[in-house]
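Enquirer: Got final.txt for you, compact mmCIF, C-alpha atoms:
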```txt
# COMPACT_ATOMS: atom_id res chain seq x y z
CA MET A 1 19.97 24.75 -19.08
CA ILE A 2 18.50 22.70 -21.91
CA LYS A 3 21.21 20.05 -21.73
CA THR A 4 20.87 19.79 -17.95
CA ALA A 5 17.10 19.43 -18.14
CA ALA A 6 17.38 16.83 -20.89
CA SER A 7 19.86 14.84 -18.80
CA ILE A 8 17.55 14.91 -15.79
CA ILE A 9 14.63 13.74 -17.89
CA THR A 10 16.66 10.95 -19.47
CA MET A 11 17.91 9.65 -16.11
CA ALA A 12 14.48 9.85 -14.48
CA LEU A 13 12.75 8.06 -17.34
CA LEU A 14 15.48 5.43 -17.49
CA SER A 15 15.10 4.78 -13.75
CA PHE A 16 11.35 4.52 -14.18
CA PHE A 17 11.51 1.97 -16.98
CA LEU A 18 14.16 -0.10 -15.21
CA LEU A 19 12.08 -0.28 -12.04
CA ALA A 20 8.89 -0.91 -13.99
CA GLY A 21 10.57 -3.72 -15.91
CA SER A 22 11.78 -5.43 -12.74
CA TYR A 23 8.32 -5.10 -11.22
CA LEU A 24 6.50 -6.52 -14.23
CA ASN A 25 8.96 -9.38 -14.62
CA ALA A 26 8.61 -10.44 -11.00
CA ALA A 27 6.38 -13.50 -10.93
CA PRO A 28 3.81 -13.35 -8.13
CA LYS A 29 3.87 -16.30 -5.78
CA ASP A 30 0.82 -17.72 -4.09
CA GLU A 31 2.16 -18.71 -0.68
CA ARG A 32 -0.90 -18.23 1.47
CA ILE A 33 -0.72 -19.59 5.00
CA ARG A 34 -3.93 -20.93 6.49
CA ILE A 35 -4.52 -19.28 9.88
CA ALA A 36 -7.24 -18.77 12.47
CA LEU A 37 -7.51 -15.68 14.65
CA LEU A 38 -9.18 -16.27 18.02
CA ASP A 39 -11.08 -13.64 19.97
CA LEU A 40 -8.76 -11.25 21.76
CA ARG A 41 -9.01 -11.29 25.53
CA ALA A 42 -9.75 -7.93 27.12
CA GLY A 43 -7.56 -7.37 30.17
CA ALA A 44 -8.17 -3.96 31.72
CA ALA A 45 -9.38 -2.73 28.33
CA GLU A 46 -12.96 -2.54 27.15
CA SER A 47 -14.21 -5.72 25.48
CA SER A 48 -15.66 -3.70 22.60
CA LEU A 49 -12.19 -2.31 21.83
CA ALA A 50 -10.73 -5.82 21.95
CA GLN A 51 -13.34 -6.92 19.40
CA PHE A 52 -12.56 -3.88 17.27
CA ALA A 53 -8.80 -4.55 17.34
CA GLY A 54 -9.38 -8.20 16.42
CA ALA A 55 -11.63 -7.26 13.52
CA ARG A 56 -9.11 -4.73 12.17
CA LEU A 57 -6.26 -7.22 12.49
CA SER A 58 -8.28 -9.82 10.60
CA GLU A 59 -9.04 -7.38 7.78
CA LYS A 60 -5.42 -6.29 7.49
CA LEU A 61 -4.11 -9.85 7.39
CA TYR A 62 -6.66 -10.61 4.69
CA ALA A 63 -5.64 -7.54 2.71
CA SER A 64 -2.02 -8.72 2.57
CA GLY A 65 -3.05 -11.47 0.15
CA LYS A 66 -0.77 -13.96 1.91
CA PHE A 67 -3.12 -15.60 4.39
CA THR A 68 -6.20 -17.81 4.23
CA LEU A 69 -8.38 -16.93 7.21
CA VAL A 70 -10.90 -19.25 8.80
CA GLU A 71 -14.32 -17.60 8.77
CA ARG A 72 -15.73 -16.37 12.05
CA SER A 73 -18.85 -18.57 12.14
CA GLN A 74 -16.80 -21.71 11.46
CA LEU A 75 -14.60 -20.88 14.44
CA GLU A 76 -17.61 -20.39 16.68
CA LEU A 77 -19.15 -23.65 15.50
CA ILE A 78 -16.03 -25.62 16.44
CA LEU A 79 -15.74 -23.82 19.79
CA LYS A 80 -19.36 -24.66 20.50
CA GLU A 81 -18.84 -28.32 19.63
CA GLN A 82 -15.85 -28.40 21.97
CA GLY A 83 -17.80 -26.70 24.76
CA LEU A 84 -15.63 -23.60 24.61
CA GLN A 85 -18.08 -21.05 23.26
CA HIS A 86 -18.17 -19.18 26.57
CA THR A 87 -14.70 -19.72 28.03
CA GLY A 88 -12.82 -19.57 24.76
CA CYS A 89 -9.44 -21.18 24.08
CA ALA A 90 -6.99 -19.83 26.63
CA ASP A 91 -3.91 -22.10 26.47
CA ASN A 92 -1.57 -23.46 23.86
CA SER A 93 -2.77 -27.07 24.02
CA CYS A 94 -6.34 -25.98 23.36
CA ALA A 95 -5.20 -23.80 20.49
CA VAL A 96 -3.25 -26.68 18.94
CA GLN A 97 -6.27 -28.99 19.25
CA LEU A 98 -8.50 -26.38 17.68
CA GLY A 99 -5.97 -25.75 14.92
CA ARG A 100 -5.88 -29.42 13.99
CA ILE A 101 -9.64 -29.57 13.78
CA LEU A 102 -9.66 -26.49 11.54
CA SER A 103 -6.69 -27.79 9.49
CA VAL A 104 -4.78 -24.53 9.89
CA SER A 105 -1.04 -23.99 10.09
CA LYS A 106 -1.10 -21.19 12.65
CA ILE A 107 -3.40 -20.13 15.46
CA LEU A 108 -3.22 -16.47 16.44
CA MET A 109 -4.38 -15.59 19.92
CA GLY A 110 -3.74 -12.66 22.22
CA SER A 111 -5.08 -9.86 24.32
CA LEU A 112 -5.69 -6.16 24.60
CA ASP A 113 -4.53 -4.71 27.91
CA ARG A 114 -4.46 -1.22 29.31
CA VAL A 115 -2.39 0.47 32.00
CA ASP A 116 -1.52 3.99 30.92
CA SER A 117 -2.00 3.08 27.27
CA TYR A 118 -3.32 0.14 25.27
CA THR A 119 -1.06 -2.81 24.46
CA LEU A 120 -2.11 -5.22 21.73
CA SER A 121 -0.28 -8.54 22.09
CA ILE A 122 -0.55 -11.47 19.70
CA LYS A 123 1.21 -14.82 19.76
CA SER A 124 1.32 -17.27 16.90
CA ILE A 125 1.20 -20.99 17.67
CA ASP A 126 2.47 -23.47 15.11
CA VAL A 127 -0.15 -26.22 15.05
CA GLU A 128 2.22 -28.93 13.81
CA SER A 129 4.90 -28.42 16.46
CA GLY A 130 2.67 -27.00 19.20
CA VAL A 131 5.13 -24.25 20.07
CA VAL A 132 4.84 -20.46 19.98
CA ASP A 133 6.87 -19.41 16.94
CA GLY A 134 6.06 -15.72 16.98
CA HIS A 135 5.11 -13.01 19.45
CA PHE A 136 4.05 -9.56 18.32
CA SER A 137 2.98 -6.46 20.22
CA SER A 138 2.10 -2.85 19.56
CA ARG A 139 1.10 0.07 21.74
CA ALA A 140 -1.70 2.59 21.25
CA ASP A 141 -2.12 5.72 23.35
CA LEU A 142 -5.84 6.03 22.62
CA GLY A 143 -8.62 3.73 21.45
CA LYS A 144 -8.66 5.42 18.06
CA ASP A 145 -5.01 4.41 17.60
CA LEU A 146 -5.83 0.69 17.74
CA ASP A 147 -6.34 0.62 13.99
CA ARG A 148 -2.72 1.67 13.51
CA ALA A 149 -1.59 -0.83 16.16
CA ALA A 150 -3.43 -3.63 14.34
CA GLY A 151 -1.65 -2.54 11.15
CA GLU A 152 1.73 -2.84 12.87
CA ILE A 153 0.87 -6.32 14.12
CA ALA A 154 -0.25 -7.37 10.63
CA ARG A 155 3.04 -6.11 9.21
CA LYS A 156 5.05 -8.05 11.81
CA VAL A 157 3.08 -11.25 11.14
CA TYR A 158 3.66 -10.80 7.42
CA GLU A 159 7.38 -10.21 7.91
CA ARG A 160 7.67 -13.24 10.22
CA TYR A 161 6.27 -15.69 7.69
CA HIS A 162 6.97 -14.07 4.32
CA GLY A 163 10.35 -12.44 4.81
CA GLY A 164 9.28 -8.82 5.00
CA GLY A 165 6.80 -6.50 3.38
CA PRO A 166 7.03 -2.80 2.50
CA SER A 167 9.83 -1.19 4.48
CA SER A 168 10.47 2.48 5.13
CA ALA A 169 13.81 2.30 3.30
CA GLY A 170 12.27 0.61 0.27
CA TYR A 171 9.38 3.06 0.28
CA TYR A 172 11.51 6.22 0.32
CA LEU A 173 14.08 4.86 -2.14
CA ARG A 174 11.29 4.21 -4.64
CA GLY A 175 10.14 7.78 -4.04
CA ALA A 176 12.79 8.92 -6.52
CA VAL A 177 10.32 7.94 -9.25
CA PRO A 178 6.84 9.48 -8.88
CA GLY A 179 4.21 6.85 -8.19
CA TRP A 180 6.54 3.96 -7.51
CA SER A 181 6.44 4.31 -3.72
CA GLN A 182 2.63 4.55 -3.86
CA VAL A 183 2.43 1.28 -5.79
CA TYR A 184 4.88 -0.28 -3.33
CA SER A 185 2.66 0.64 -0.37
CA GLY A 186 -0.53 -0.64 -1.99
CA HIS A 187 -1.97 2.49 -3.65
CA GLU A 188 -1.89 1.05 -7.15
CA VAL A 189 -4.38 3.38 -8.84
CA LYS A 190 -2.80 6.50 -7.40
CA GLY A 191 0.71 5.23 -8.07
CA TYR A 192 0.18 4.32 -11.72
CA SER A 193 -1.65 7.60 -12.29
CA LEU A 194 1.35 9.53 -10.96
CA MET A 195 3.71 7.39 -13.04
CA GLY A 196 1.71 8.15 -16.17
CA ALA A 197 1.59 11.86 -15.40
CA PHE A 198 5.34 11.84 -14.74
CA VAL A 199 6.15 10.11 -18.04
CA PHE A 200 3.84 12.23 -20.20
CA SER A 201 4.85 15.51 -18.55
CA GLY A 202 8.49 14.52 -19.04
CA ILE A 203 7.92 13.79 -22.72
CA PHE A 204 6.05 17.08 -23.11
CA MET A 205 8.84 18.98 -21.37
CA GLY A 206 11.51 17.32 -23.49
CA TYR A 207 9.68 18.12 -26.72
CA SER A 208 9.01 21.72 -25.61
CA LEU A 209 12.66 22.35 -24.75
CA TYR A 210 13.78 20.80 -28.02
CA ASP A 211 11.27 22.91 -29.98
CA PHE A 212 12.41 26.07 -28.20
CA LYS A 213 16.05 25.28 -28.89
CA ASN A 214 15.35 24.87 -32.62
CA LYS A 215 13.21 28.00 -32.91
CA ARG A 216 15.71 30.10 -31.00
CA ALA A 217 18.50 28.79 -33.23
CA GLU A 218 16.50 29.68 -36.35
CA TYR A 219 16.06 33.22 -35.05
CA GLU A 220 19.71 33.68 -34.09
CA ASP A 221 20.94 32.30 -37.42
CA LEU A 222 19.10 34.92 -39.47
CA GLY A 223 21.49 36.91 -41.67
CA GLN A 224 21.77 40.67 -42.18
CA GLY A 225 19.78 40.61 -45.40
CA THR A 226 16.68 39.12 -43.73
CA SER A 227 13.56 41.27 -43.76
CA GLN A 228 12.22 42.81 -40.56
CA SER A 229 8.97 40.83 -40.85
CA THR A 230 10.93 37.57 -40.89
CA PHE A 231 12.94 38.69 -37.87
CA ASP A 232 9.70 39.52 -36.03
CA ARG A 233 8.04 36.25 -37.01
CA LYS A 234 10.99 34.11 -35.94
CA TYR A 235 11.37 36.07 -32.71
CA GLU A 236 7.69 35.66 -31.81
CA ALA A 237 7.88 31.95 -32.61
CA SER A 238 10.88 31.51 -30.33
CA GLU A 239 9.19 33.49 -27.53
CA LYS A 240 6.05 31.37 -27.80
CA ALA A 241 8.19 28.23 -27.71
CA LEU A 242 9.94 29.60 -24.62
CA THR A 243 6.58 30.15 -22.91
CA VAL A 244 5.44 26.62 -23.71
CA ALA A 245 8.79 25.27 -22.46
CA ARG A 246 8.38 27.15 -19.16
CA VAL A 247 4.85 25.83 -18.76
CA SER A 248 6.04 22.27 -19.46
CA VAL A 249 8.79 22.58 -16.84
CA GLY A 250 6.21 23.89 -14.36
CA ILE A 251 3.89 20.94 -15.04
CA PHE A 252 6.75 18.47 -14.69
CA ALA A 253 7.82 20.07 -11.41
CA ALA A 254 4.21 20.17 -10.15
CA VAL A 255 3.81 16.43 -10.77
CA TYR A 256 6.98 15.75 -8.81
CA VAL A 257 5.99 18.06 -5.95
CA LEU A 258 2.53 16.46 -5.80
CA HIS A 259 4.15 13.04 -5.65
CA VAL A 260 6.52 14.05 -2.84
CA PHE A 261 3.70 15.68 -0.89
CA ASP A 262 1.53 12.58 -1.20
CA MET A 263 4.42 10.24 -0.44
CA LEU A 264 5.34 12.03 2.78
CA LEU A 265 1.82 12.62 4.11
CA PHE A 266 -0.72 10.20 2.68
CA SER A 267 0.71 6.99 1.21
CA ARG A 268 3.23 5.74 3.74
CA PRO A 269 2.76 1.99 4.33
CA THR A 270 1.08 1.21 7.63
CA VAL A 271 0.15 -2.35 6.76
CA VAL A 272 1.29 -4.77 4.11
CA LEU A 273 -1.18 -4.83 1.23
CA GLY A 274 -0.98 -7.50 -1.42
CA SER A 275 -1.91 -7.20 -5.08
CA ASN A 276 -3.84 -10.45 -4.79
CA PRO A 277 -6.71 -10.69 -2.30
CA GLY A 278 -6.49 -13.16 0.53
CA LYS A 279 -8.95 -15.94 1.12
CA ILE A 280 -11.39 -16.58 3.90
CA ASP A 281 -12.37 -20.19 4.36
CA THR A 282 -16.09 -20.23 4.96
CA GLY A 283 -16.33 -23.96 5.49
CA PRO A 284 -19.22 -26.14 4.36
CA GLY A 285 -22.57 -24.44 4.46
CA MET A 286 -21.12 -21.05 5.37
CA SER A 287 -21.86 -18.01 3.28
CA LEU A 288 -19.56 -15.11 2.48
CA HIS A 289 -20.75 -11.64 1.57
CA CYS A 290 -18.59 -9.03 -0.15
CA TYR A 291 -19.02 -5.31 -0.43
CA TYR A 292 -16.95 -2.34 -1.60
CA ALA A 293 -15.77 0.29 0.83
CA ARG A 294 -15.95 3.77 -0.66
CA ASP A 295 -14.06 5.33 2.22
CA ASN A 296 -10.57 4.65 3.46
CA VAL A 297 -11.59 2.19 6.14
CA TYR A 298 -8.03 1.63 7.25
CA PRO A 299 -4.69 3.33 6.54
CA GLY A 300 -3.28 2.30 3.21
CA ALA A 301 -6.62 1.25 1.67
CA ASP A 302 -7.55 2.56 -1.74
CA ASP A 303 -11.07 3.65 -2.61
CA ALA A 304 -13.26 0.75 -3.68
CA ARG A 305 -10.83 -1.83 -2.29
CA LEU A 306 -12.61 -5.10 -1.83
CA MET A 307 -13.44 -5.70 1.79
CA VAL A 308 -15.02 -8.72 3.35
CA GLY A 309 -18.20 -8.72 5.36
CA LEU A 310 -18.88 -11.97 7.09
CA GLU A 311 -22.37 -13.22 7.73
CA LYS A 312 -21.59 -13.23 11.41
CA ARG A 313 -19.21 -10.36 12.01
CA LEU A 314 -17.07 -9.54 15.01
```
Translate the structure of the given file into structure tokens.
Expert:
Amino acid sequence: MIKTAASIITMALLSFFLLAGSYLNAAPKDERIRIALLDLRAGAAESSLAQFAGARLSEKLYASGKFTLVERSQLELILKEQGLQHTGCADNSCAVQLGRILSVSKILMGSLDRVDSYTLSIKSIDVESGVVDGHFSSRADLGKDLDRAAGEIARKVYERYHGGGPSSAGYYLRGAVPGWSQVYSGHEVKGYSLMGAFVFSGIFMGYSLYDFKNKRAEYEDLGQGTSQSTFDRKYEASEKALTVARVSVGIFAAVYVLHVFDMLLFSRPTVVLGSNPGKIDTGPGMSLHCYYARDNVYPGADDARLMVGLEKRL
């Protein structure tokens, strides 16, 4: 039993350090794409829900750390100057013209429609070529599901221009090491806490099993001429070591079970989250306000994750 447990600990810790080393050695790249997200058109859906879906999509794209977003008031200023503040920008040529004025690489525009359920559709227009180089859609049964739908769109946009974000396969494969899948999906604080608990509980379990093995060996090696008091003392010491070893195994198992429970129910990636915050271009004379969200405003957000509140919000 002791050899088996020691082997499991050794393999688990080795996997952890190998994965941690590859993660720490990976150099982060700043490859932000400058984009503008236009107001979503509301087909048969309520306009308030279209505004909500657009706001959530904007926040999730920002949270990926891979996009520079044009600030809302700057967009409205340009639309006003072009005489489009009421009609908006409805075709590709208008979007390309607007994109050139804003000096962005991509213009995102789309709609929220409803038949039996809501369909969020977004197309991405490459400003330089003037062609649609991406089309993304997601369905939501209810209005409350639009947050998840916006997360799916954000993931697809990320994958289209950055070669893929957190995947289900990558997430569950990393689940072999407690905390690694949480870090992968953007829950850094939770993930590193679980990693630390896993390592320390593993060290504690390894030491406890080793101590028990030695104390039990000392007891079993006592000769016939040993006094009864020595027998009793060595036996009690080995029993105490056995109790500590059982507790350490229980703690180690509890950490792993907690990790699996959290991985399956609470930390699955629903939107790509970057370790570096994105940027929002406020333009000249525009102000940007920041605040901290204490609640999980959207799936995958950690407590106190920096959110962005614009002076003129959607």
Enquirer: Would you tabulate, counting all atoms listed in the file, all residues of region 38-67 of chain A that have an atom at most 7 Å from an atom of region 92-114 of chain A, showing the closest pair of atoms and their distance in Å to one decimal, sorted by chain then ascending number, as JSON lines?
Expert:
```
{"residue": "A:Leu38", "atom": "CA", "partner": "A:Met109", "partner_atom": "CA", "distance": 5.2}
{"residue": "A:Asp39", "atom": "CA", "partner": "A:Met109", "partner_atom": "CA", "distance": 7.0}
{"residue": "A:Leu40", "atom": "CA", "partner": "A:Ser111", "partner_atom": "CA", "distance": 4.7}
{"residue": "A:Arg41", "atom": "CA", "partner": "A:Ser111", "partner_atom": "CA", "distance": 4.4}
{"residue": "A:Ala42", "atom": "CA", "partner": "A:Leu112", "partner_atom": "CA", "distance": 5.1}
{"residue": "A:Gly43", "atom": "CA", "partner": "A:Asp113", "partner_atom": "CA", "distance": 4.6}
{"residue": "A:Ala44", "atom": "CA", "partner": "A:Arg114", "partner_atom": "CA", "distance": 5.2}
{"residue": "A:Ala45", "atom": "CA", "partner": "A:Arg114", "partner_atom": "CA", "distance": 5.2}
{"residue": "A:Ala50", "atom": "CA", "partner": "A:Leu112", "partner_atom": "CA", "distance": 5.7}
```
Enquirer: Grab the CA of Ser248 (chain A) to CA of Gly196 (chain A) distance for me, in Å with one decimal place.
Expert: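 About the pair CA of Ser248 (chain A) and CA of Gly196 (chain A): they are 15.1 Å apart.
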Enquirer: Which residue out of A:Ala150, A:Phe231, A:Arg139, A:Ala197 has the minimum interatomic distance to Glu59 (chain A) when all atoms listed in the file are used?
Expert: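 So, comparing all the options, the nearest one is A:Ala150.
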Enquirer: So what do you get for CA of Tyr171 (chain A) versus CA of Phe198 (chain A), distance-wise?
Expert: 17.9 Å
Enquirer: At most 8 Å from (1.3, -5.6, 9.7), file frame, all atoms listed in the file: which residues, as a list in words?
Expert: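 Here is the list of nearby residues: Lys60, Leu61, Ala150, Gly151, Glu152, Ile153, Ala154, Arg155, Lys156, Val157, Tyr158, Glu159, Thr270, Val271 and Val272 of chain A.
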Enquirer: Which is closer to Gly54 (chain A) than all the others in A:Arg174, A:Arg216, A:Lys240, A:Arg72, using only C-alpha atoms?
Expert: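 Using only C-alpha atoms, Gly54 (chain A) sits closest to A:Arg72.
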Enquirer: Quick one: everything within 10 Å of Gly175 (chain A), counting only C-alpha atoms, minus sequence neighbours fewer than 2 positions away in the same chain. Send it as a PyMOL selection string.
Expert: chain A and resi 169-173+177-182+184+256+259-260+263-264
